[in-house]
>>> print(open('protein_19.txt').read())   # compact mmCIF, C-alpha atoms
# COMPACT_ATOMS: atom_id res chain seq x y z
CA MET A 1 107.31 131.61 69.88
CA LYS A 2 105.00 133.96 67.99
CA THR A 3 102.39 135.02 70.56
CA ILE A 4 102.73 135.86 74.26
CA GLY A 5 100.45 137.15 77.00
CA VAL A 6 101.06 139.75 79.69
CA PHE A 7 99.14 140.33 82.91
CA THR A 8 99.37 142.06 86.27
CA SER A 9 98.37 140.30 89.47
CA GLY A 10 98.19 140.95 93.21
CA GLY A 11 98.43 144.48 94.57
CA ASP A 12 98.92 147.27 92.04
CA SER A 13 102.06 149.36 92.08
CA PRO A 14 103.18 152.53 90.24
CA GLY A 15 105.24 151.56 87.20
CA MET A 16 103.21 148.54 86.14
CA ASN A 17 101.95 150.45 83.10
CA ALA A 18 105.50 151.34 82.12
CA CYS A 19 106.35 147.64 82.31
CA ILE A 20 103.33 146.65 80.17
CA ARG A 21 104.40 149.26 77.62
CA ALA A 22 107.95 147.87 77.51
CA VAL A 23 106.68 144.30 77.09
CA VAL A 24 104.40 145.21 74.18
CA ARG A 25 106.95 147.36 72.36
CA THR A 26 109.82 144.91 72.86
CA ALA A 27 107.68 142.09 71.53
CA ALA A 28 106.59 144.18 68.53
CA HIS A 29 110.22 145.01 67.80
CA GLN A 30 110.86 141.26 67.52
CA GLY A 31 107.75 140.50 65.49
CA ILE A 32 105.84 138.92 68.39
CA SER A 33 102.12 139.42 69.00
CA VAL A 34 100.95 140.28 72.52
CA PHE A 35 97.65 139.66 74.26
CA GLY A 36 96.73 141.59 77.39
CA ILE A 37 95.10 139.45 80.07
CA TYR A 38 92.78 141.57 82.20
CA ARG A 39 92.34 141.04 85.98
CA GLY A 40 95.23 138.61 86.33
CA PHE A 41 94.57 134.91 86.74
CA GLN A 42 90.85 135.55 87.14
CA GLY A 43 90.66 137.21 83.75
CA MET A 44 92.63 134.33 82.31
CA ILE A 45 89.92 131.96 83.55
CA GLU A 46 87.06 134.17 82.36
CA ASN A 47 88.71 134.75 78.97
CA GLU A 48 89.16 138.51 79.40
CA ILE A 49 92.02 138.48 76.91
CA LEU A 50 92.47 141.06 74.15
CA PRO A 51 95.21 141.91 71.64
CA LEU A 52 97.62 144.65 72.70
CA GLU A 53 99.21 146.67 69.90
CA THR A 54 101.89 149.32 70.30
CA LYS A 55 99.42 152.19 69.99
CA ALA A 56 97.34 150.68 72.81
CA VAL A 57 100.20 151.32 75.24
CA GLY A 58 100.90 154.88 74.12
CA ASN A 59 100.48 157.59 76.76
CA ILE A 60 100.33 155.18 79.72
CA ILE A 61 103.89 155.39 81.09
CA GLN A 62 102.99 158.26 83.42
CA TYR A 63 99.98 156.64 85.06
CA GLY A 64 99.89 154.67 88.30
CA GLY A 65 97.87 151.50 88.72
CA THR A 66 97.56 149.08 85.79
CA ILE A 67 95.57 149.37 82.57
CA LEU A 68 95.18 145.57 82.65
CA LYS A 69 93.55 145.76 86.09
CA THR A 70 94.31 143.22 88.79
CA ALA A 71 92.39 140.83 91.01
CA ARG A 72 92.84 138.02 93.50
CA SER A 73 91.68 134.68 92.10
CA LYS A 74 90.37 131.87 94.28
CA ASP A 75 89.30 130.03 91.12
CA PHE A 76 92.91 129.70 89.98
CA LEU A 77 93.63 127.73 93.14
CA THR A 78 91.45 124.93 91.76
CA VAL A 79 92.38 122.36 89.12
CA GLU A 80 89.26 123.25 87.14
CA GLY A 81 90.11 126.96 87.13
CA ARG A 82 93.65 126.39 85.87
CA LYS A 83 92.34 124.05 83.17
CA ARG A 84 89.95 126.72 81.89
CA ALA A 85 92.74 129.30 81.95
CA PHE A 86 95.05 127.06 79.91
CA GLU A 87 92.32 126.30 77.38
CA ASN A 88 91.63 130.01 76.89
CA LEU A 89 95.32 130.71 76.32
CA THR A 90 95.82 127.85 73.87
CA ASN A 91 92.73 128.85 71.90
CA LEU A 92 94.53 132.15 71.21
CA ASN A 93 97.84 130.38 70.46
CA ILE A 94 99.52 132.08 73.44
CA GLU A 95 102.80 130.26 73.99
CA GLY A 96 104.30 132.12 76.94
CA LEU A 97 103.48 134.62 79.68
CA ILE A 98 104.97 137.72 81.25
CA CYS A 99 103.53 138.00 84.76
CA ILE A 100 103.98 141.24 86.69
CA GLY A 101 103.39 140.98 90.44
CA GLY A 102 104.65 139.47 93.67
CA ASP A 103 105.29 136.05 95.18
CA GLY A 104 101.63 135.00 94.83
CA THR A 105 101.85 135.73 91.11
CA TYR A 106 105.07 133.74 90.85
CA THR A 107 103.52 130.83 92.74
CA GLY A 108 100.59 130.68 90.33
CA ALA A 109 102.88 130.84 87.30
CA GLU A 110 105.07 128.05 88.66
CA VAL A 111 102.08 125.77 89.23
CA PHE A 112 100.86 126.57 85.72
CA LEU A 113 104.19 125.53 84.22
CA ASN A 114 104.34 122.30 86.23
CA GLU A 115 100.81 121.27 85.23
CA TYR A 116 100.58 122.49 81.62
CA GLY A 117 104.09 123.42 80.55
CA MET A 118 103.16 127.08 80.02
CA PRO A 119 106.45 129.02 80.28
CA SER A 120 106.48 132.28 82.24
CA ILE A 121 108.90 135.03 83.14
CA GLY A 122 108.04 137.11 86.21
CA VAL A 123 108.61 140.80 86.79
CA PRO A 124 108.67 142.09 90.40
CA GLY A 125 105.82 144.57 90.88
CA THR A 126 105.02 145.45 94.50
CA ILE A 127 105.46 148.54 96.67
CA ASP A 128 106.72 146.38 99.57
CA ASN A 129 110.14 145.69 97.98
CA ASP A 130 110.12 142.29 99.67
CA LEU A 131 110.91 140.02 96.70
CA TYR A 132 114.19 138.12 96.65
CA GLY A 133 116.27 138.49 93.49
CA THR A 134 116.14 142.25 92.96
CA ASP A 135 117.46 145.28 94.81
CA PHE A 136 114.21 147.15 94.23
CA THR A 137 110.74 146.19 93.04
CA ILE A 138 108.61 148.22 90.65
CA GLY A 139 106.58 150.74 92.65
CA PHE A 140 108.72 150.85 95.77
CA ASP A 141 110.51 154.10 94.97
CA THR A 142 107.26 155.92 94.17
CA ALA A 143 105.54 154.59 97.29
CA ALA A 144 108.49 155.59 99.48
CA ASN A 145 108.39 159.12 98.06
CA THR A 146 104.62 159.32 98.54
CA ALA A 147 105.03 158.26 102.17
CA LEU A 148 107.85 160.76 102.61
CA ASP A 149 105.72 163.61 101.27
CA ALA A 150 103.01 162.79 103.82
CA ILE A 151 105.56 162.51 106.62
CA ASP A 152 106.99 165.93 105.77
CA ARG A 153 103.52 167.46 105.92
CA ILE A 154 102.71 165.79 109.24
CA ARG A 155 106.04 166.99 110.61
CA ASP A 156 104.87 170.58 110.14
CA THR A 157 101.82 170.12 112.34
CA ALA A 158 103.74 167.99 114.85
CA ASP A 159 106.22 170.84 115.24
CA SER A 160 103.48 173.47 115.51
CA HIS A 161 101.66 171.63 118.30
CA ASN A 162 104.60 169.91 120.04
CA ARG A 163 103.07 166.51 119.38
CA VAL A 164 104.28 162.94 118.99
CA PHE A 165 102.94 161.39 115.77
CA PHE A 166 102.82 157.66 115.12
CA ILE A 167 102.56 157.29 111.34
CA GLU A 168 101.58 153.89 109.94
CA VAL A 169 103.19 153.00 106.62
CA MET A 170 102.23 150.05 104.41
CA GLY A 171 104.16 146.81 104.74
CA LYS A 172 102.19 143.79 105.94
CA ASP A 173 105.24 141.54 106.23
CA SER A 174 107.99 143.95 105.33
CA GLY A 175 109.56 147.08 106.79
CA PHE A 176 111.39 148.37 103.71
CA LEU A 177 108.96 151.23 103.10
CA SER A 178 109.04 152.23 106.76
CA LEU A 179 112.82 152.14 106.95
CA TYR A 180 113.46 154.18 103.81
CA ALA A 181 110.70 156.72 104.45
CA GLY A 182 111.70 156.92 108.12
CA ILE A 183 115.35 157.67 107.42
CA ALA A 184 114.52 160.17 104.67
CA GLY A 185 111.83 161.79 106.83
CA GLY A 186 114.04 162.22 109.89
CA ALA A 187 111.92 159.95 112.08
CA GLU A 188 112.87 159.60 115.71
CA GLY A 189 111.75 156.00 115.75
CA ILE A 190 111.08 153.27 113.19
CA LEU A 191 109.22 150.05 114.03
CA VAL A 192 109.41 147.17 111.53
CA PRO A 193 108.40 143.48 111.73
CA GLU A 194 111.92 142.27 110.89
CA ILE A 195 113.49 143.75 114.04
CA LEU A 196 112.50 142.28 117.39
CA ASP A 197 112.47 144.41 120.55
CA ASP A 198 112.52 147.63 118.51
CA ILE A 199 109.59 148.94 120.56
CA ASN A 200 111.48 148.37 123.83
CA ASP A 201 114.42 150.36 122.49
CA LEU A 202 112.05 153.16 121.51
CA GLU A 203 110.51 153.22 124.97
CA LYS A 204 113.97 153.48 126.55
CA HIS A 205 114.75 156.38 124.25
CA PHE A 206 111.51 158.18 125.23
CA MET A 207 112.50 157.85 128.89
CA SER A 208 115.94 159.38 128.30
CA ASP A 209 116.86 162.95 129.22
CA GLU A 210 117.96 163.49 125.62
CA ARG A 211 114.44 162.80 124.33
CA ARG A 212 112.74 165.02 126.89
CA LYS A 213 114.56 168.03 125.47
CA LYS A 214 112.74 167.61 122.15
CA HIS A 215 109.48 169.39 121.37
CA PHE A 216 107.98 166.86 118.94
CA SER A 217 108.59 163.43 117.45
CA ILE A 218 107.78 161.39 114.37
CA VAL A 219 107.62 157.60 114.78
CA ILE A 220 107.12 155.39 111.72
CA VAL A 221 105.26 152.12 112.24
CA ALA A 222 105.19 149.39 109.60
CA GLU A 223 101.71 147.97 109.01
CA GLY A 224 102.97 144.49 109.96
CA GLU A 225 104.84 145.48 113.13
CA THR A 226 104.70 142.50 115.49
CA GLU A 227 103.70 144.63 118.50
CA GLY A 228 100.55 145.92 116.79
CA ASN A 229 99.33 148.67 114.52
CA ALA A 230 99.94 152.38 114.99
CA PHE A 231 96.81 152.89 117.13
CA GLN A 232 97.73 150.05 119.47
CA ILE A 233 101.30 151.22 119.86
CA ALA A 234 100.20 154.83 120.36
CA GLU A 235 97.84 153.71 123.12
CA ARG A 236 100.69 151.85 124.81
CA PHE A 237 102.80 155.00 124.74
CA LYS A 238 99.93 157.12 126.06
CA GLN A 239 99.77 154.87 129.12
CA LYS A 240 103.51 155.04 129.72
CA PHE A 241 104.04 158.68 128.77
CA PRO A 242 100.86 160.61 129.67
CA GLU A 243 102.75 163.91 129.46
CA PHE A 244 103.06 163.60 125.66
CA ASP A 245 100.39 164.81 123.23
CA ILE A 246 100.16 161.75 120.97
CA ARG A 247 98.44 161.48 117.59
CA VAL A 248 98.11 158.74 114.94
CA SER A 249 98.04 158.96 111.16
CA VAL A 250 97.54 155.94 108.87
CA LEU A 251 98.73 156.62 105.33
CA GLY A 252 96.97 153.62 103.80
CA HIS A 253 96.38 153.10 100.10
CA ILE A 254 97.50 156.58 99.12
CA GLN A 255 100.95 154.97 98.93
CA ARG A 256 99.91 152.70 96.06
CA GLY A 257 98.72 155.37 93.67
CA GLY A 258 100.16 158.31 91.81
CA LYS A 259 102.55 158.95 88.96
CA PRO A 260 105.52 156.57 89.00
CA SER A 261 108.90 158.14 89.74
CA VAL A 262 111.77 158.33 87.25
CA ASN A 263 113.43 155.36 88.95
CA ASP A 264 110.29 153.23 88.75
CA ARG A 265 109.67 154.08 85.10
CA ILE A 266 113.23 153.15 84.12
CA LEU A 267 113.26 150.00 86.26
CA ALA A 268 109.90 148.87 84.88
CA SER A 269 110.97 149.56 81.30
CA ALA A 270 114.27 147.71 81.67
CA LEU A 271 112.73 144.68 83.35
CA GLY A 272 109.79 144.50 80.93
CA ASN A 273 112.23 144.51 78.03
CA ALA A 274 114.45 141.87 79.63
CA ALA A 275 111.49 139.64 80.48
CA VAL A 276 110.46 139.38 76.83
CA ASP A 277 114.04 138.75 75.69
CA TYR A 278 114.53 135.94 78.20
CA LEU A 279 111.19 134.34 77.39
CA LEU A 280 112.05 134.27 73.68
CA LYS A 281 115.45 132.78 74.49
CA GLY A 282 113.73 129.81 76.12
CA GLU A 283 114.03 130.74 79.78
CA ARG A 284 111.08 129.74 81.92
CA ASN A 285 110.00 129.52 85.54
CA LYS A 286 112.19 132.50 86.43
CA CYS A 287 111.85 136.18 87.27
CA VAL A 288 113.93 139.15 86.24
CA GLY A 289 115.38 141.59 88.73
CA MET A 290 117.92 144.39 88.98
CA VAL A 291 120.96 143.78 91.21
CA ASN A 292 123.82 146.29 91.26
CA GLN A 293 122.36 147.95 88.14
CA LYS A 294 122.42 144.70 86.15
CA VAL A 295 119.50 142.52 85.11
CA VAL A 296 119.61 139.08 86.71
CA LEU A 297 117.45 135.94 86.61
CA THR A 298 116.18 134.18 89.74
CA SER A 299 114.15 130.98 89.83
CA PHE A 300 110.55 131.30 90.98
CA SER A 301 111.26 128.82 93.78
CA ASP A 302 114.12 130.97 95.14
CA ALA A 303 112.15 134.20 94.76
CA ILE A 304 109.24 132.67 96.67
CA SER A 305 111.11 130.79 99.40
CA LYS A 306 114.12 132.97 100.15
CA LYS A 307 113.73 135.91 102.49
CA LYS A 308 114.87 139.36 101.49
CA THR A 309 116.30 140.97 104.58
CA ILE A 310 116.62 144.57 105.66
CA ASP A 311 120.12 145.95 105.24
CA ASP A 312 121.89 145.98 108.62
CA GLY A 313 123.85 149.08 107.66
CA LEU A 314 120.69 151.06 106.90
CA TRP A 315 119.07 149.92 110.15
CA LYS A 316 122.12 151.01 112.17
CA LEU A 317 122.15 154.30 110.30
CA SER A 318 118.51 154.90 111.23
CA GLN A 319 119.35 154.32 114.89
CA ILE A 320 122.26 156.74 114.82
CA LEU A 321 120.41 159.52 112.99
CA SER A 322 117.18 159.27 114.98
CA LYS A 323 118.68 160.15 118.35
>>> encode(input="protein_19.txt", output="structure tokens")
Amino acid sequence: MKTIGVFTSGGDSPGMNACIRAVVRTAAHQGISVFGIYRGFQGMIENEILPLETKAVGNIIQYGGTILKTARSKDFLTVEGRKRAFENLTNLNIEGLICIGGDGTYTGAEVFLNEYGMPSIGVPGTIDNDLYGTDFTIGFDTAANTALDAIDRIRDTADSHNRVFFIEVMGKDSGFLSLYAGIAGGAEGILVPEILDDINDLEKHFMSDERRKKHFSIVIVAEGETEGNAFQIAERFKQKFPEFDIRVSVLGHIQRGGKPSVNDRILASALGNAAVDYLLKGERNKCVGMVNQKVVLTSFSDAISKKKTIDDGLWKLSQILSK
């Protein structure tokens, strides 16, 4: 293998640039040429593919987002779109791919291998931390710290005004961000989609004598909470507890941006390096991850189909510390 491609796909996450940098420099160290594919699968179809040399990835490790851009691609869902993508890659003699993203990215890469034999190694890049096969995904640590910073600031005004704040944190199908930011931010309640009846437990707590002695509260709500978003849940609590001064704050996309943390830069660098090494060794249809501080390989099918669950010990800890 003499030439490979690298691209980012799906939602951006802090640390993707550090991963791109590691891919390019690891490949160069082994005498391999790298092409950067812009805007993910869509750019692959539209032939937005350019050479990436080592100097092109200098001074990018500290930036959030992705220099290769990212996009959703409906065209790649079609046979015609994938055919065009493959033709564009083969015209440039690209023999393998490093794909940085989430389960949608892995799904596309797996289909590509099955139809055209294009080998890929995936790298987990998502702030949600919901991919099986790795303890943490690239971008999660930065996003959790960004959310925590906002929670700390909101806590100041909640304390000043004796208010109850419902703070919505990103996580469409996952509560990892909410759980980590909630524990670190001293939240009195955390609502996540993985835990059923968590809202009923919170209501019981708000009715307790212990709660009524407190002057203010912070409640973290995951974006994908089954009972509704932060506004809907806050309205429910206003009806049941009219004596509380309730406010809502939605953190939104601020959690996706910003300088990647030390942990994310190191994780992204290690996984980018490992992805190239495994691709050159002949591995395919797999993704790299970090488990117990060691790089591991997981098949795309397992990473896509298996559910990464919230740690029971952390959830119990959050319940103990929040009361």
>>> closest_residue(input="protein_19.txt", among="A:Val169, A:Ile218, A:Val23, A:Leu177", to="A:Ile254", atoms="all atoms listed in the file")
A:Val169
>>> closest_atom_pairs(input="protein_19.txt", of="stretch 154-227 of chain A", to="stretch 255-277 of chain A", cutoff="12 Å", atoms="all atoms listed in the file", output="tab-separated table")
residue	atom	partner	partner_atom	distance
A:Glu168	CA	A:Gln255	CA	11.1
A:Val169	CA	A:Gln255	CA	8.2
A:Met170	CA	A:Gln255	CA	7.5
A:Gly171	CA	A:Gln255	CA	10.5
A:Leu177	CA	A:Gln255	CA	9.8
A:Ser178	CA	A:Gln255	CA	11.6
A:Ala181	CA	A:Gln255	CA	11.3
>>> atom_distance(input="protein_19.txt", atom1="atom CA of A:Thr107", atom2="atom CA of A:Ser299")
11.0 Å
>>> residues_around(input="protein_19.txt", residues="A:Gly10", least_positions_apart="4", cutoff="12 Å", atoms="all atoms listed in the file", output="PDB file with C-alpha atoms, in the frame of the given file")
ATOM      1  CA  MET A  16     103.210 148.540  86.140  1.00  0.00           C
ATOM      2  CA  ARG A  39      92.340 141.040  85.980  1.00  0.00           C
ATOM      3  CA  GLY A  40      95.230 138.610  86.330  1.00  0.00           C
ATOM      4  CA  PHE A  41      94.570 134.910  86.740  1.00  0.00           C
ATOM      5  CA  GLN A  42      90.850 135.550  87.140  1.00  0.00           C
ATOM      6  CA  GLY A  65      97.870 151.500  88.720  1.00  0.00           C
ATOM      7  CA  THR A  66      97.560 149.080  85.790  1.00  0.00           C
ATOM      8  CA  LEU A  68      95.180 145.570  82.650  1.00  0.00           C
ATOM      9  CA  LYS A  69      93.550 145.760  86.090  1.00  0.00           C
ATOM     10  CA  THR A  70      94.310 143.220  88.790  1.00  0.00           C
ATOM     11  CA  ALA A  71      92.390 140.830  91.010  1.00  0.00           C
ATOM     12  CA  ARG A  72      92.840 138.020  93.500  1.00  0.00           C
ATOM     13  CA  SER A  73      91.680 134.680  92.100  1.00  0.00           C
ATOM     14  CA  CYS A  99     103.530 138.000  84.760  1.00  0.00           C
ATOM     15  CA  ILE A 100     103.980 141.240  86.690  1.00  0.00           C
ATOM     16  CA  GLY A 101     103.390 140.980  90.440  1.00  0.00           C
ATOM     17  CA  GLY A 102     104.650 139.470  93.670  1.00  0.00           C
ATOM     18  CA  ASP A 103     105.290 136.050  95.180  1.00  0.00           C
ATOM     19  CA  GLY A 104     101.630 135.000  94.830  1.00  0.00           C
ATOM     20  CA  THR A 105     101.850 135.730  91.110  1.00  0.00           C
ATOM     21  CA  TYR A 106     105.070 133.740  90.850  1.00  0.00           C
ATOM     22  CA  THR A 107     103.520 130.830  92.740  1.00  0.00           C
ATOM     23  CA  GLY A 108     100.590 130.680  90.330  1.00  0.00           C
ATOM     24  CA  PRO A 124     108.670 142.090  90.400  1.00  0.00           C
ATOM     25  CA  GLY A 125     105.820 144.570  90.880  1.00  0.00           C
ATOM     26  CA  THR A 126     105.020 145.450  94.500  1.00  0.00           C
ATOM     27  CA  ILE A 127     105.460 148.540  96.670  1.00  0.00           C
ATOM     28  CA  ASP A 128     106.720 146.380  99.570  1.00  0.00           C
TER      29      ASP A 128
END
>>> residues_around(input="protein_19.txt", residues="A:Asp152", least_positions_apart="6", cutoff="12 Å", atoms="all atoms listed in the file", output="ChimeraX atom specification")
/A:145-146,158-159,165,167,181-187,218
>>> atom_distance(input="protein_19.txt", atom1="atom CA of A:Asp311", atom2="atom CA of A:Ile220")
17.3 Å
>>> atom_distance(input="protein_19.txt", atom1="atom CA of A:Ser301", atom2="atom CA of A:Glu115")
15.5 Å
>>> residues_around(input="protein_19.txt", residues="A:Tyr116", least_positions_apart="3", cutoff="10 Å", atoms="all atoms listed in the file", output="list in words")
Arg82, Lys83, Phe86, Val111, Phe112, Leu113 and Pro119 of chain A
>>> closest_residue(input="protein_19.txt", among="A:Thr90, A:Ser13, A:Ser208, A:Asn200", to="A:Asp141", atoms="only C-alpha atoms")
A:Ser13
>>> residues_around(input="protein_19.txt", residues="A:Glu223", least_positions_apart="6", cutoff="12 Å", atoms="all atoms listed in the file", output="PDB file with C-alpha atoms, in the coordinates of the input")
ATOM      1  CA  ASP A 128     106.720 146.380  99.570  1.00  0.00           C
ATOM      2  CA  PHE A 166     102.820 157.660 115.120  1.00  0.00           C
ATOM      3  CA  ILE A 167     102.560 157.290 111.340  1.00  0.00           C
ATOM      4  CA  GLU A 168     101.580 153.890 109.940  1.00  0.00           C
ATOM      5  CA  VAL A 169     103.190 153.000 106.620  1.00  0.00           C
ATOM      6  CA  MET A 170     102.230 150.050 104.410  1.00  0.00           C
ATOM      7  CA  GLY A 171     104.160 146.810 104.740  1.00  0.00           C
ATOM      8  CA  LYS A 172     102.190 143.790 105.940  1.00  0.00           C
ATOM      9  CA  ASP A 173     105.240 141.540 106.230  1.00  0.00           C
ATOM     10  CA  SER A 174     107.990 143.950 105.330  1.00  0.00           C
ATOM     11  CA  GLY A 175     109.560 147.080 106.790  1.00  0.00           C
ATOM     12  CA  PHE A 176     111.390 148.370 103.710  1.00  0.00           C
ATOM     13  CA  LEU A 177     108.960 151.230 103.100  1.00  0.00           C
ATOM     14  CA  SER A 178     109.040 152.230 106.760  1.00  0.00           C
ATOM     15  CA  ILE A 190     111.080 153.270 113.190  1.00  0.00           C
ATOM     16  CA  LEU A 191     109.220 150.050 114.030  1.00  0.00           C
ATOM     17  CA  VAL A 192     109.410 147.170 111.530  1.00  0.00           C
ATOM     18  CA  PRO A 193     108.400 143.480 111.730  1.00  0.00           C
ATOM     19  CA  GLU A 194     111.920 142.270 110.890  1.00  0.00           C
ATOM     20  CA  ASN A 229      99.330 148.670 114.520  1.00  0.00           C
ATOM     21  CA  ALA A 230      99.940 152.380 114.990  1.00  0.00           C
ATOM     22  CA  PHE A 231      96.810 152.890 117.130  1.00  0.00           C
ATOM     23  CA  GLN A 232      97.730 150.050 119.470  1.00  0.00           C
ATOM     24  CA  ILE A 233     101.300 151.220 119.860  1.00  0.00           C
ATOM     25  CA  SER A 249      98.040 158.960 111.160  1.00  0.00           C
ATOM     26  CA  VAL A 250      97.540 155.940 108.870  1.00  0.00           C
ATOM     27  CA  LEU A 251      98.730 156.620 105.330  1.00  0.00           C
ATOM     28  CA  GLY A 252      96.970 153.620 103.800  1.00  0.00           C
ATOM     29  CA  HIS A 253      96.380 153.100 100.100  1.00  0.00           C
TER      30      HIS A 253
END
>>> closest_residue(input="protein_19.txt", among="A:Phe241, A:Tyr132, A:Phe35, A:Phe206", to="A:Thr309", atoms="only C-alpha atoms")
A:Tyr132
>>> residues_around(input="protein_19.txt", residues="A:Gly58", least_positions_apart="4", cutoff="10 Å", atoms="all atoms listed in the file", output="ChimeraX atom specification")
/A:18,21,25,53-54
>>> closest_residue(input="protein_19.txt", among="A:Ala56, A:Ile199, A:Leu92, A:Met290", to="A:Thr3", atoms="only C-alpha atoms")
A:Leu92
>>> closest_residue(input="protein_19.txt", among="A:Trp315, A:Tyr278, A:Phe237, A:Phe136", to="A:Gly96", atoms="only C-alpha atoms")
A:Tyr278
>>> residues_near_point(input="protein_19.txt", point="(122.6, 149.0, 89.6)", cutoff="10 Å", atoms="all atoms listed in the file", output="list in words")
Thr134, Asp135, Phe136, Leu267, Met290, Val291, Asn292, Gln293, Lys294 and Val295 of chain A
